[in-house]
2 protein chains.
Amino acid sequence: MIRNLTEQDKEHLQEALVKSGQKVTPQREAVFTVLLSERDHPTVDEVFNRAREVMPGLSLATVYNCLETFVGCGLVRQVNHERESTRYCPNLAPHAHFRDKETGQVHDIELPPEVMKSLRSILPPGFDSEVIEISFLGRAQAKDTHSN
Amino acid sequence: MIRNLTEQDKEHLQEALVKSGQKVTPQREAVFTVLLSERDHPTVDEVFNRAREVMPGLSLATVYNCLETFVGCGLVRQVNHERESTRYCPNLAPHAHFRDKETGQVHDIELPPEVMKSLRSILPPGFDSEVIEISFLGRAQAKDTHSN
DNA sequence: TAATCAGTTAGAATGAGTCTAATCCGCAAG
DNA sequence: CTTGCGGATTAGACTCATTCTAACTGATTA
Ligand SMILES: [Mn+2]
Ligand SMILES: [Mn+2]
Ligand SMILES: [Zn+2]
Ligand SMILES: [Zn+2]
């Protein structure tokens, strides 16, 4: 189901867009709403299908555009596993991803700062990294029905 | 330049192939040789072009087939960064990958067991992971001309 | 009003990877 | 030797996520 954006969410969206010289549009709001409604790392097609429920005229091209815009202004992260379709994640906290081999579901795994530090410490001198991606592949006992 | 396989390398290849019910062929030897000659994580096309120097009739389809075979029998790893072409890595030791934003070069980063452990420890109960992928994106001061 | 301009849209193009069907070739049975 | 078999190789067709293009929309500005 598609939630409504809280005032906080709207401000977050507006601020990030305006800060990078772009506008809030109905399409961008719809796509952002979809992302925040179910934090299950949807693909572009999944976002497209969910968003059309609430905005039937929306085009796939626009979903690609919105998501690219959001990535550009730091509102969401892209998540890739092997060569599968790119998925999108609005969780801005540092976290890793766990991909369930059976179900395909993607779960967020919290990343404690001390682990980040120990990771950064394995880089030899001369290597400076801005982005670290960590992804697990395995099986998760389904504890609940939502997948975040 | 394309090295020659040592006896050890040949045995390694043969053992892994035979163990999974497949044969050593001239094409597979050529592709494997390319992978061991420069451990720079080549793409399929790069492998193809290098291998053709030594085996001109080789086809791209066969390079795809050989690499898939090697992955299947654990001789090499696939390395993906975002949606770029898949790269191939014959380094079987546990390691992470560092991708240089400027040059595109991929470097191996050794992964000490204690770091692996601390990573595994962040998984909540119920999550069991066989594979962990770690990749850094950033800039590396070019210390040398080879890229491993 | 007219010009401008970001955003949206449909559809074409791209390209890494996969699939298909024909051929090749080493080996073993006759 | 021939022949048959089965895995491997090959060229080319195909797929499909993503990117590109060019026309259109609609709000804002001169
Ligand atoms: Mn959950
Ligand atoms: Mn090096
Ligand atoms: Zn996430
Ligand atoms: Zn590697």
# chains A, B, ... in the order shown; residues from 1 in each chain; ligands from 1
$ select_by_dssp --residues "segment 1-147 of chain A" --states "alpha helix (DSSP H)" --output "PyMOL selection string"
chain A and resi 7-19+26-37+44-54+60-72+113-120
$ write_last_selection --atoms "C-alpha atoms" --output "short mmCIF file (atom, residue, chain, number, x, y, z; two decimals), in the first residue's frame"
data_model
loop_
_atom_site.label_atom_id
_atom_site.label_comp_id
_atom_site.auth_asym_id
_atom_site.auth_seq_id
_atom_site.Cartn_x
_atom_site.Cartn_y
_atom_site.Cartn_z
CA GLU A 7 5.63 16.79 6.35
CA GLN A 8 9.17 15.77 7.26
CA ASP A 9 9.46 13.60 4.20
CA LYS A 10 8.19 16.41 2.00
CA GLU A 11 10.71 18.80 3.45
CA HIS A 12 13.46 16.29 2.98
CA LEU A 13 12.49 15.86 -0.66
CA GLN A 14 12.11 19.56 -1.29
CA GLU A 15 15.34 20.49 0.40
CA ALA A 16 17.42 17.92 -1.44
CA LEU A 17 15.93 18.84 -4.80
CA VAL A 18 16.13 22.60 -4.38
CA LYS A 19 19.64 22.34 -3.02
CA PRO A 26 4.02 15.59 -8.86
CA GLN A 27 5.88 12.76 -10.54
CA ARG A 28 8.86 13.11 -8.22
CA GLU A 29 6.58 13.18 -5.22
CA ALA A 30 4.80 10.06 -6.40
CA VAL A 31 8.02 8.15 -7.00
CA PHE A 32 9.47 9.27 -3.69
CA THR A 33 6.27 8.23 -1.92
CA VAL A 34 6.54 4.77 -3.44
CA LEU A 35 10.10 4.46 -2.21
CA LEU A 36 9.21 5.42 1.34
CA SER A 37 6.06 3.31 1.48
CA VAL A 44 12.56 0.43 -11.55
CA ASP A 45 9.69 -1.66 -12.87
CA GLU A 46 8.36 -2.26 -9.41
CA VAL A 47 8.49 1.44 -8.64
CA PHE A 48 6.82 2.12 -11.97
CA ASN A 49 3.95 -0.27 -11.35
CA ARG A 50 3.34 0.93 -7.82
CA ALA A 51 3.48 4.57 -8.77
CA ARG A 52 1.03 4.11 -11.63
CA GLU A 53 -1.61 3.04 -9.15
CA VAL A 54 -1.63 6.56 -7.88
CA LEU A 60 8.67 4.52 -17.32
CA ALA A 61 11.12 7.08 -18.68
CA THR A 62 10.08 9.47 -15.96
CA VAL A 63 10.60 6.86 -13.29
CA TYR A 64 14.12 6.36 -14.59
CA ASN A 65 14.59 10.12 -14.58
CA CYS A 66 13.23 10.62 -11.08
CA LEU A 67 15.32 7.85 -9.62
CA GLU A 68 18.43 9.18 -11.32
CA THR A 69 17.65 12.61 -9.94
CA PHE A 70 17.19 11.22 -6.44
CA VAL A 71 20.47 9.36 -6.61
CA GLY A 72 22.16 12.51 -7.84
CA PRO A 113 30.94 2.54 12.89
CA GLU A 114 33.62 0.28 14.34
CA VAL A 115 33.11 -2.17 11.49
CA MET A 116 33.34 0.64 8.96
CA LYS A 117 36.58 1.67 10.62
CA SER A 118 38.07 -1.79 10.54
CA LEU A 119 37.13 -1.96 6.88
CA ARG A 120 38.74 1.34 6.06
#
$ residues_near_ligand --ligand "ligand 3" --cutoff "10 Å" --atoms "only C-alpha atoms (C1' of nucleotides) and all ligand atoms" --output "PDB file with N, CA, C and O atoms, in the first residue's frame"
ATOM      1  N   ARG A  39       9.884  -0.318   2.130  1.00  0.00           N
ATOM      2  CA  ARG A  39      11.339  -0.211   1.978  1.00  0.00           C
ATOM      3  C   ARG A  39      11.905  -1.575   1.639  1.00  0.00           C
ATOM      4  O   ARG A  39      12.728  -2.136   2.342  1.00  0.00           O
ATOM      5  N   ASP A  40      11.496  -2.071   0.510  1.00  0.00           N
ATOM      6  CA  ASP A  40      11.898  -3.412   0.098  1.00  0.00           C
ATOM      7  C   ASP A  40      12.855  -3.394  -1.094  1.00  0.00           C
ATOM      8  O   ASP A  40      13.005  -4.387  -1.770  1.00  0.00           O
ATOM      9  N   HIS A  41      13.472  -2.247  -1.375  1.00  0.00           N
ATOM     10  CA  HIS A  41      14.449  -2.176  -2.458  1.00  0.00           C
ATOM     11  C   HIS A  41      13.851  -2.571  -3.793  1.00  0.00           C
ATOM     12  O   HIS A  41      14.312  -3.519  -4.434  1.00  0.00           O
ATOM     13  N   VAL A  76      18.418   8.775  -2.423  1.00  0.00           N
ATOM     14  CA  VAL A  76      18.346   7.317  -2.408  1.00  0.00           C
ATOM     15  C   VAL A  76      19.660   6.736  -2.910  1.00  0.00           C
ATOM     16  O   VAL A  76      20.454   7.427  -3.546  1.00  0.00           O
ATOM     17  N   ARG A  77      19.866   5.482  -2.604  1.00  0.00           N
ATOM     18  CA  ARG A  77      21.042   4.748  -3.066  1.00  0.00           C
ATOM     19  C   ARG A  77      20.625   3.722  -4.101  1.00  0.00           C
ATOM     20  O   ARG A  77      19.546   3.139  -3.993  1.00  0.00           O
ATOM     21  N   GLN A  78      21.489   3.487  -5.047  1.00  0.00           N
ATOM     22  CA  GLN A  78      21.300   2.348  -5.937  1.00  0.00           C
ATOM     23  C   GLN A  78      21.890   1.118  -5.287  1.00  0.00           C
ATOM     24  O   GLN A  78      22.928   1.198  -4.633  1.00  0.00           O
ATOM     25  N   VAL A  79      21.243  -0.013  -5.523  1.00  0.00           N
ATOM     26  CA  VAL A  79      21.736  -1.273  -4.979  1.00  0.00           C
ATOM     27  C   VAL A  79      21.813  -2.277  -6.118  1.00  0.00           C
ATOM     28  O   VAL A  79      20.804  -2.570  -6.757  1.00  0.00           O
ATOM     29  N   ARG A  87      18.237  -1.885  -7.972  1.00  0.00           N
ATOM     30  CA  ARG A  87      17.203  -1.631  -6.985  1.00  0.00           C
ATOM     31  C   ARG A  87      17.491  -0.316  -6.281  1.00  0.00           C
ATOM     32  O   ARG A  87      18.621   0.191  -6.344  1.00  0.00           O
ATOM     33  N   TYR A  88      16.467   0.224  -5.601  1.00  0.00           N
ATOM     34  CA  TYR A  88      16.612   1.545  -4.989  1.00  0.00           C
ATOM     35  C   TYR A  88      16.265   1.514  -3.527  1.00  0.00           C
ATOM     36  O   TYR A  88      15.336   0.826  -3.111  1.00  0.00           O
ATOM     37  N   CYS A  89      17.025   2.242  -2.744  1.00  0.00           N
ATOM     38  CA  CYS A  89      16.965   2.188  -1.289  1.00  0.00           C
ATOM     39  C   CYS A  89      16.987   3.600  -0.726  1.00  0.00           C
ATOM     40  O   CYS A  89      17.918   4.345  -0.969  1.00  0.00           O
ATOM     41  N   PRO A  90      15.954   3.962   0.048  1.00  0.00           N
ATOM     42  CA  PRO A  90      15.901   5.305   0.624  1.00  0.00           C
ATOM     43  C   PRO A  90      16.502   5.376   2.016  1.00  0.00           C
ATOM     44  O   PRO A  90      16.403   6.421   2.659  1.00  0.00           O
ATOM     45  N   ASN A  91      17.101   4.296   2.478  1.00  0.00           N
ATOM     46  CA  ASN A  91      17.712   4.275   3.804  1.00  0.00           C
ATOM     47  C   ASN A  91      19.079   4.944   3.730  1.00  0.00           C
ATOM     48  O   ASN A  91      20.008   4.402   3.132  1.00  0.00           O
ATOM     49  N   LEU A  92      19.184   6.114   4.360  1.00  0.00           N
ATOM     50  CA  LEU A  92      20.421   6.878   4.211  1.00  0.00           C
ATOM     51  C   LEU A  92      21.464   6.534   5.268  1.00  0.00           C
ATOM     52  O   LEU A  92      22.612   6.945   5.166  1.00  0.00           O
ATOM     53  N   ALA A  93      21.067   5.782   6.289  1.00  0.00           N
ATOM     54  CA  ALA A  93      22.054   5.359   7.275  1.00  0.00           C
ATOM     55  C   ALA A  93      23.035   4.400   6.620  1.00  0.00           C
ATOM     56  O   ALA A  93      22.682   3.697   5.677  1.00  0.00           O
ATOM     57  N   PRO A  94      24.279   4.377   7.112  1.00  0.00           N
ATOM     58  CA  PRO A  94      25.241   3.435   6.538  1.00  0.00           C
ATOM     59  C   PRO A  94      24.770   2.016   6.811  1.00  0.00           C
ATOM     60  O   PRO A  94      24.530   1.652   7.960  1.00  0.00           O
ATOM     61  N   HIS A  95      24.607   1.254   5.767  1.00  0.00           N
ATOM     62  CA  HIS A  95      24.164  -0.116   5.970  1.00  0.00           C
ATOM     63  C   HIS A  95      24.606  -0.991   4.819  1.00  0.00           C
ATOM     64  O   HIS A  95      24.907  -0.509   3.735  1.00  0.00           O
ATOM     65  N   ALA A  96      24.659  -2.283   5.097  1.00  0.00           N
ATOM     66  CA  ALA A  96      25.001  -3.267   4.076  1.00  0.00           C
ATOM     67  C   ALA A  96      23.705  -3.914   3.585  1.00  0.00           C
ATOM     68  O   ALA A  96      22.630  -3.652   4.130  1.00  0.00           O
ATOM     69  N   HIS A  97      23.817  -4.733   2.546  1.00  0.00           N
ATOM     70  CA  HIS A  97      22.637  -5.416   2.029  1.00  0.00           C
ATOM     71  C   HIS A  97      22.807  -6.918   2.086  1.00  0.00           C
ATOM     72  O   HIS A  97      23.880  -7.430   1.803  1.00  0.00           O
ATOM     73  N   PHE A  98      21.724  -7.554   2.449  1.00  0.00           N
ATOM     74  CA  PHE A  98      21.699  -9.009   2.513  1.00  0.00           C
ATOM     75  C   PHE A  98      20.664  -9.488   1.521  1.00  0.00           C
ATOM     76  O   PHE A  98      19.498  -9.126   1.583  1.00  0.00           O
ATOM     77  N   VAL A 106      15.775  -8.371  -0.420  1.00  0.00           N
ATOM     78  CA  VAL A 106      16.964  -7.650   0.028  1.00  0.00           C
ATOM     79  C   VAL A 106      16.683  -7.029   1.387  1.00  0.00           C
ATOM     80  O   VAL A 106      15.660  -6.363   1.564  1.00  0.00           O
ATOM     81  N   HIS A 107      17.553  -7.299   2.342  1.00  0.00           N
ATOM     82  CA  HIS A 107      17.391  -6.775   3.689  1.00  0.00           C
ATOM     83  C   HIS A 107      18.519  -5.804   4.010  1.00  0.00           C
ATOM     84  O   HIS A 107      19.653  -6.027   3.616  1.00  0.00           O
ATOM     85  N   ASP A 108      18.166  -4.769   4.760  1.00  0.00           N
ATOM     86  CA  ASP A 108      19.195  -3.855   5.246  1.00  0.00           C
ATOM     87  C   ASP A 108      19.873  -4.439   6.473  1.00  0.00           C
ATOM     88  O   ASP A 108      19.218  -5.009   7.347  1.00  0.00           O
ATOM     89  N   ILE A 109      21.184  -4.296   6.530  1.00  0.00           N
ATOM     90  CA  ILE A 109      21.964  -4.729   7.691  1.00  0.00           C
ATOM     91  C   ILE A 109      22.709  -3.519   8.237  1.00  0.00           C
ATOM     92  O   ILE A 109      23.505  -2.907   7.529  1.00  0.00           O
ATOM     93  N   GLU A 110      22.420  -3.206   9.473  1.00  0.00           N
ATOM     94  CA  GLU A 110      23.057  -2.045  10.081  1.00  0.00           C
ATOM     95  C   GLU A 110      24.572  -2.210  10.109  1.00  0.00           C
ATOM     96  O   GLU A 110      25.074  -3.315  10.336  1.00  0.00           O
ATOM     97  N   ASN A 148      12.840  -5.318   5.061  1.00  0.00           N
ATOM     98  CA  ASN A 148      13.703  -4.145   5.029  1.00  0.00           C
ATOM     99  C   ASN A 148      15.035  -4.444   5.724  1.00  0.00           C
ATOM    100  O   ASN A 148      15.260  -5.573   6.124  1.00  0.00           O
TER     101      ASN A 148
END
$ atom_distance --atom1 "atom C1' of DG6 of chain D" --atom2 "atom C1' of DA21 of chain C"
15.7 Å
$ interface_residues --of "chain C" --to "chain A" --cutoff "9 Å" --atoms "only C-alpha atoms (C1' of nucleotides)" --output "MDAnalysis selection string"
chainID C and resid 6:10
$ interface_residues --of "chain D" --to "chain A" --cutoff "12 Å" --atoms "only C-alpha atoms (C1' of nucleotides)" --output "PyMOL selection string"
chain D and resi 16-20+26-27
$ interface_residues --of "chain A" --to "chain B" --cutoff "6 Å" --atoms "only C-alpha atoms" --output "list in words"
Asn80, Glu82, Gly126, Phe127, Asp128, Ser129, Glu130, Val131, Ile132, Glu133, Ile134, Ser135, Phe136, Leu137, Gly138, Arg139, Ala140 and Gln141 of chain A
$ write_last_selection --atoms "N, CA, C and O atoms" --output "PDB file, in the first residue's frame"
ATOM      1  N   ASN A  80      23.010  -2.752  -6.370  1.00  0.00           N
ATOM      2  CA  ASN A  80      23.178  -3.745  -7.427  1.00  0.00           C
ATOM      3  C   ASN A  80      23.659  -5.060  -6.858  1.00  0.00           C
ATOM      4  O   ASN A  80      24.525  -5.083  -5.974  1.00  0.00           O
ATOM      5  N   GLU A  82      25.124  -8.560  -8.505  1.00  0.00           N
ATOM      6  CA  GLU A  82      25.521  -9.194  -9.746  1.00  0.00           C
ATOM      7  C   GLU A  82      24.976  -8.377 -10.912  1.00  0.00           C
ATOM      8  O   GLU A  82      25.108  -7.170 -10.908  1.00  0.00           O
ATOM      9  N   GLY A 126      47.789   5.200   0.356  1.00  0.00           N
ATOM     10  CA  GLY A 126      47.611   5.653  -1.017  1.00  0.00           C
ATOM     11  C   GLY A 126      46.222   5.391  -1.545  1.00  0.00           C
ATOM     12  O   GLY A 126      45.827   5.938  -2.572  1.00  0.00           O
ATOM     13  N   PHE A 127      45.471   4.560  -0.853  1.00  0.00           N
ATOM     14  CA  PHE A 127      44.110   4.274  -1.302  1.00  0.00           C
ATOM     15  C   PHE A 127      43.125   5.070  -0.463  1.00  0.00           C
ATOM     16  O   PHE A 127      43.107   4.939   0.769  1.00  0.00           O
ATOM     17  N   ASP A 128      42.337   5.894  -1.112  1.00  0.00           N
ATOM     18  CA  ASP A 128      41.326   6.662  -0.394  1.00  0.00           C
ATOM     19  C   ASP A 128      39.961   6.373  -0.974  1.00  0.00           C
ATOM     20  O   ASP A 128      39.727   6.569  -2.158  1.00  0.00           O
ATOM     21  N   SER A 129      39.085   5.926  -0.087  1.00  0.00           N
ATOM     22  CA  SER A 129      37.783   5.476  -0.572  1.00  0.00           C
ATOM     23  C   SER A 129      36.665   6.322   0.012  1.00  0.00           C
ATOM     24  O   SER A 129      36.630   6.610   1.205  1.00  0.00           O
ATOM     25  N   GLU A 130      35.749   6.730  -0.862  1.00  0.00           N
ATOM     26  CA  GLU A 130      34.588   7.492  -0.401  1.00  0.00           C
ATOM     27  C   GLU A 130      33.406   6.565  -0.142  1.00  0.00           C
ATOM     28  O   GLU A 130      32.587   6.813   0.718  1.00  0.00           O
ATOM     29  N   VAL A 131      33.323   5.540  -0.955  1.00  0.00           N
ATOM     30  CA  VAL A 131      32.156   4.677  -0.908  1.00  0.00           C
ATOM     31  C   VAL A 131      32.581   3.246  -0.644  1.00  0.00           C
ATOM     32  O   VAL A 131      33.514   2.750  -1.274  1.00  0.00           O
ATOM     33  N   ILE A 132      31.929   2.602   0.293  1.00  0.00           N
ATOM     34  CA  ILE A 132      32.163   1.183   0.526  1.00  0.00           C
ATOM     35  C   ILE A 132      30.843   0.450   0.380  1.00  0.00           C
ATOM     36  O   ILE A 132      29.853   0.825   1.019  1.00  0.00           O
ATOM     37  N   GLU A 133      30.816  -0.540  -0.477  1.00  0.00           N
ATOM     38  CA  GLU A 133      29.607  -1.345  -0.654  1.00  0.00           C
ATOM     39  C   GLU A 133      29.854  -2.718  -0.063  1.00  0.00           C
ATOM     40  O   GLU A 133      30.859  -3.360  -0.355  1.00  0.00           O
ATOM     41  N   ILE A 134      28.914  -3.162   0.750  1.00  0.00           N
ATOM     42  CA  ILE A 134      29.031  -4.490   1.334  1.00  0.00           C
ATOM     43  C   ILE A 134      27.753  -5.238   1.075  1.00  0.00           C
ATOM     44  O   ILE A 134      26.665  -4.755   1.396  1.00  0.00           O
ATOM     45  N   SER A 135      27.883  -6.415   0.474  1.00  0.00           N
ATOM     46  CA  SER A 135      26.657  -7.186   0.292  1.00  0.00           C
ATOM     47  C   SER A 135      26.863  -8.649   0.604  1.00  0.00           C
ATOM     48  O   SER A 135      27.872  -9.255   0.237  1.00  0.00           O
ATOM     49  N   PHE A 136      25.912  -9.164   1.324  1.00  0.00           N
ATOM     50  CA  PHE A 136      25.891 -10.560   1.723  1.00  0.00           C
ATOM     51  C   PHE A 136      24.946 -11.315   0.811  1.00  0.00           C
ATOM     52  O   PHE A 136      23.918 -10.785   0.382  1.00  0.00           O
ATOM     53  N   LEU A 137      25.310 -12.558   0.527  1.00  0.00           N
ATOM     54  CA  LEU A 137      24.375 -13.440  -0.171  1.00  0.00           C
ATOM     55  C   LEU A 137      24.191 -14.669   0.691  1.00  0.00           C
ATOM     56  O   LEU A 137      25.162 -15.254   1.169  1.00  0.00           O
ATOM     57  N   GLY A 138      22.955 -15.043   0.912  1.00  0.00           N
ATOM     58  CA  GLY A 138      22.714 -16.215   1.734  1.00  0.00           C
ATOM     59  C   GLY A 138      21.240 -16.440   1.953  1.00  0.00           C
ATOM     60  O   GLY A 138      20.435 -16.116   1.084  1.00  0.00           O
ATOM     61  N   ARG A 139      20.939 -17.028   3.089  1.00  0.00           N
ATOM     62  CA  ARG A 139      19.540 -17.312   3.390  1.00  0.00           C
ATOM     63  C   ARG A 139      19.145 -16.685   4.703  1.00  0.00           C
ATOM     64  O   ARG A 139      19.894 -16.763   5.672  1.00  0.00           O
ATOM     65  N   ALA A 140      17.986 -16.088   4.717  1.00  0.00           N
ATOM     66  CA  ALA A 140      17.465 -15.472   5.923  1.00  0.00           C
ATOM     67  C   ALA A 140      16.198 -16.193   6.318  1.00  0.00           C
ATOM     68  O   ALA A 140      15.326 -16.421   5.480  1.00  0.00           O
ATOM     69  N   GLN A 141      16.150 -16.602   7.593  1.00  0.00           N
ATOM     70  CA  GLN A 141      14.881 -17.156   8.069  1.00  0.00           C
ATOM     71  C   GLN A 141      13.843 -16.056   8.049  1.00  0.00           C
ATOM     72  O   GLN A 141      14.018 -15.029   8.688  1.00  0.00           O
TER      73      GLN A 141
END
$ atom_distance --atom1 "atom C1' of DT25 of chain D" --atom2 "atom CA of Ser20 of chain A"
22.9 Å
$ residues_around --residues "DT3 of chain D" --least-positions-apart "6" --cutoff "12 Å" --atoms "only C-alpha atoms (C1' of nucleotides)" --output "list of chain:residue names"
C:DC27, C:DA28, C:DA29, C:DG30
$ calpha_fit_and_write --fixed "chain B" --moving "chain A" --output "compact mmCIF listing (two decimals) with C-alpha atoms, in the first residue's frame"
# COMPACT_ATOMS: atom_id res chain seq x y z
CA MET A 1 52.08 -9.94 -22.57
CA ILE A 2 50.78 -13.44 -22.30
CA ARG A 3 52.75 -15.68 -20.01
CA ASN A 4 52.82 -19.45 -20.15
CA LEU A 5 51.03 -21.57 -17.62
CA THR A 6 53.27 -23.17 -15.05
CA GLU A 7 52.84 -26.87 -14.40
CA GLN A 8 51.07 -25.90 -11.19
CA ASP A 9 48.64 -23.70 -13.04
CA LYS A 10 47.92 -26.47 -15.52
CA GLU A 11 47.24 -28.91 -12.73
CA HIS A 12 45.01 -26.43 -11.01
CA LEU A 13 43.03 -25.94 -14.21
CA GLN A 14 42.83 -29.63 -14.98
CA GLU A 15 41.84 -30.62 -11.49
CA ALA A 16 39.08 -28.06 -11.20
CA LEU A 17 37.66 -28.92 -14.60
CA VAL A 18 37.83 -32.68 -14.23
CA LYS A 19 36.41 -32.48 -10.74
CA SER A 20 33.28 -30.92 -12.19
CA GLY A 21 33.10 -33.33 -15.11
CA GLN A 22 34.55 -31.11 -17.80
CA LYS A 23 37.50 -31.20 -20.11
CA VAL A 24 40.65 -29.27 -20.65
CA THR A 25 40.50 -27.75 -24.13
CA PRO A 26 42.88 -25.48 -25.99
CA GLN A 27 40.38 -22.64 -25.74
CA ARG A 28 40.02 -23.06 -21.99
CA GLU A 29 43.77 -23.13 -21.59
CA ALA A 30 44.13 -19.98 -23.65
CA VAL A 31 41.49 -18.11 -21.68
CA PHE A 32 42.90 -19.28 -18.37
CA THR A 33 46.38 -18.23 -19.47
CA VAL A 34 45.09 -14.75 -20.26
CA LEU A 35 43.54 -14.50 -16.82
CA LEU A 36 46.73 -15.48 -15.05
CA SER A 37 49.00 -13.34 -17.21
CA GLU A 38 47.75 -9.97 -16.07
CA ARG A 39 45.74 -9.89 -12.97
CA ASP A 40 43.99 -6.68 -13.79
CA HIS A 41 40.38 -7.91 -13.72
CA PRO A 42 39.70 -7.84 -17.44
CA THR A 43 36.26 -7.69 -19.00
CA VAL A 44 35.06 -10.39 -21.37
CA ASP A 45 36.07 -8.25 -24.33
CA GLU A 46 39.50 -7.67 -22.92
CA VAL A 47 39.97 -11.38 -22.35
CA PHE A 48 38.69 -12.01 -25.87
CA ASN A 49 41.11 -9.58 -27.48
CA ARG A 50 44.10 -10.82 -25.52
CA ALA A 51 43.32 -14.45 -26.14
CA ARG A 52 42.91 -13.93 -29.87
CA GLU A 53 46.54 -12.85 -30.07
CA VAL A 54 47.47 -16.39 -29.28
CA MET A 55 44.46 -18.18 -30.75
CA PRO A 56 43.07 -16.12 -33.62
CA GLY A 57 40.05 -18.30 -34.37
CA LEU A 58 38.66 -18.06 -30.86
CA SER A 59 35.11 -16.77 -30.67
CA LEU A 60 33.53 -14.37 -28.23
CA ALA A 61 30.86 -16.94 -27.43
CA THR A 62 33.56 -19.34 -26.36
CA VAL A 63 35.14 -16.77 -24.10
CA TYR A 64 31.78 -16.30 -22.43
CA ASN A 65 31.46 -20.07 -22.14
CA CYS A 66 34.95 -20.59 -20.74
CA LEU A 67 34.57 -17.87 -18.17
CA GLU A 68 31.20 -19.21 -17.09
CA THR A 69 32.74 -22.65 -16.77
CA PHE A 70 35.60 -21.30 -14.68
CA VAL A 71 33.23 -19.47 -12.39
CA GLY A 72 31.17 -22.63 -12.05
CA CYS A 73 34.12 -24.73 -10.96
CA GLY A 74 35.58 -22.07 -8.70
CA LEU A 75 38.62 -21.12 -10.75
CA VAL A 76 37.74 -17.45 -11.01
CA ARG A 77 35.41 -14.91 -9.46
CA GLN A 78 33.14 -12.48 -11.20
CA VAL A 79 33.54 -8.88 -10.16
CA ASN A 80 30.77 -6.40 -10.75
CA HIS A 81 30.78 -2.67 -10.10
CA GLU A 82 27.48 -0.95 -10.55
CA ARG A 83 26.23 -1.85 -14.02
CA GLU A 84 29.54 -2.00 -15.82
CA SER A 85 30.65 -5.05 -17.75
CA THR A 86 31.52 -7.99 -15.57
CA ARG A 87 35.19 -8.44 -14.83
CA TYR A 88 37.05 -11.63 -13.94
CA CYS A 89 39.50 -12.32 -11.16
CA PRO A 90 41.62 -15.45 -10.67
CA ASN A 91 42.69 -14.48 -7.15
CA LEU A 92 41.13 -17.12 -4.95
CA ALA A 93 42.23 -15.66 -1.63
CA PRO A 94 39.51 -13.76 0.21
CA HIS A 95 39.84 -10.19 -0.90
CA ALA A 96 37.88 -7.03 -1.54
CA HIS A 97 38.02 -4.83 -4.63
CA PHE A 98 39.01 -1.23 -4.92
CA ARG A 99 37.85 0.60 -7.98
CA ASP A 100 39.75 3.73 -8.95
CA LYS A 101 37.21 6.35 -9.93
CA GLU A 102 39.67 8.10 -12.24
CA THR A 103 41.35 5.27 -14.06
CA GLY A 104 38.74 2.57 -13.72
CA GLN A 105 41.42 0.18 -12.57
CA VAL A 106 40.46 -2.50 -10.09
CA HIS A 107 42.83 -3.42 -7.28
CA ASP A 108 42.72 -6.38 -4.95
CA ILE A 109 42.60 -5.57 -1.24
CA GLU A 110 43.59 -8.30 1.15
CA LEU A 111 40.91 -9.22 3.65
CA PRO A 112 42.25 -10.26 7.06
CA PRO A 113 40.22 -13.01 8.74
CA GLU A 114 39.43 -10.80 11.71
CA VAL A 115 37.71 -8.31 9.43
CA MET A 116 35.71 -11.10 7.81
CA LYS A 117 34.70 -12.19 11.29
CA SER A 118 33.61 -8.75 12.37
CA LEU A 119 31.60 -8.52 9.18
CA ARG A 120 29.89 -11.83 9.73
CA SER A 121 29.12 -10.74 13.27
CA ILE A 122 26.88 -7.92 12.14
CA LEU A 123 24.35 -10.37 10.69
CA PRO A 124 21.28 -10.69 12.89
CA PRO A 125 20.31 -14.20 14.03
CA GLY A 126 18.66 -16.17 11.25
CA PHE A 127 20.86 -14.74 8.53
CA ASP A 128 23.43 -17.11 7.09
CA SER A 129 25.73 -15.88 4.41
CA GLU A 130 28.05 -17.85 2.17
CA VAL A 131 29.35 -15.00 0.11
CA ILE A 132 30.39 -11.53 1.15
CA GLU A 133 31.28 -8.95 -1.47
CA ILE A 134 33.12 -5.83 -0.47
CA SER A 135 34.00 -3.09 -2.87
CA PHE A 136 35.56 0.28 -2.38
CA LEU A 137 35.22 3.20 -4.74
CA GLY A 138 37.75 5.97 -4.59
CA ARG A 139 41.13 7.09 -5.74
CA ALA A 140 44.40 5.24 -5.54
CA GLN A 141 47.73 6.94 -5.92
CA ALA A 142 49.28 5.11 -8.84
CA LYS A 143 52.27 3.44 -7.24
CA ASP A 144 53.08 1.17 -10.14
CA THR A 145 51.95 0.35 -13.61
CA HIS A 146 50.42 -3.04 -12.97
CA SER A 147 47.00 -3.13 -11.35
CA ASN A 148 46.33 -6.02 -9.09
$ residues_around --residues "DT23 of chain C" --least-positions-apart "2" --cutoff "10 Å" --atoms "only C-alpha atoms (C1' of nucleotides)" --output "ChimeraX atom specification"
/C:21,25 /D:9-10
$ atom_distance --atom1 "atom C1' of DA16 of chain C" --atom2 "atom C1' of DA13 of chain D"
14.8 Å
$ residues_around --residues "DT4 of chain C" --least-positions-apart "5" --cutoff "10 Å" --atoms "only C-alpha atoms (C1' of nucleotides)" --output "ChimeraX atom specification"
/D:28-30
$ select_by_dssp --residues "segment 23-147 of chain A" --states "strand (DSSP E)" --output "PyMOL selection string"
chain A and resi 77-79+87-89+95-100+106-110+127-140
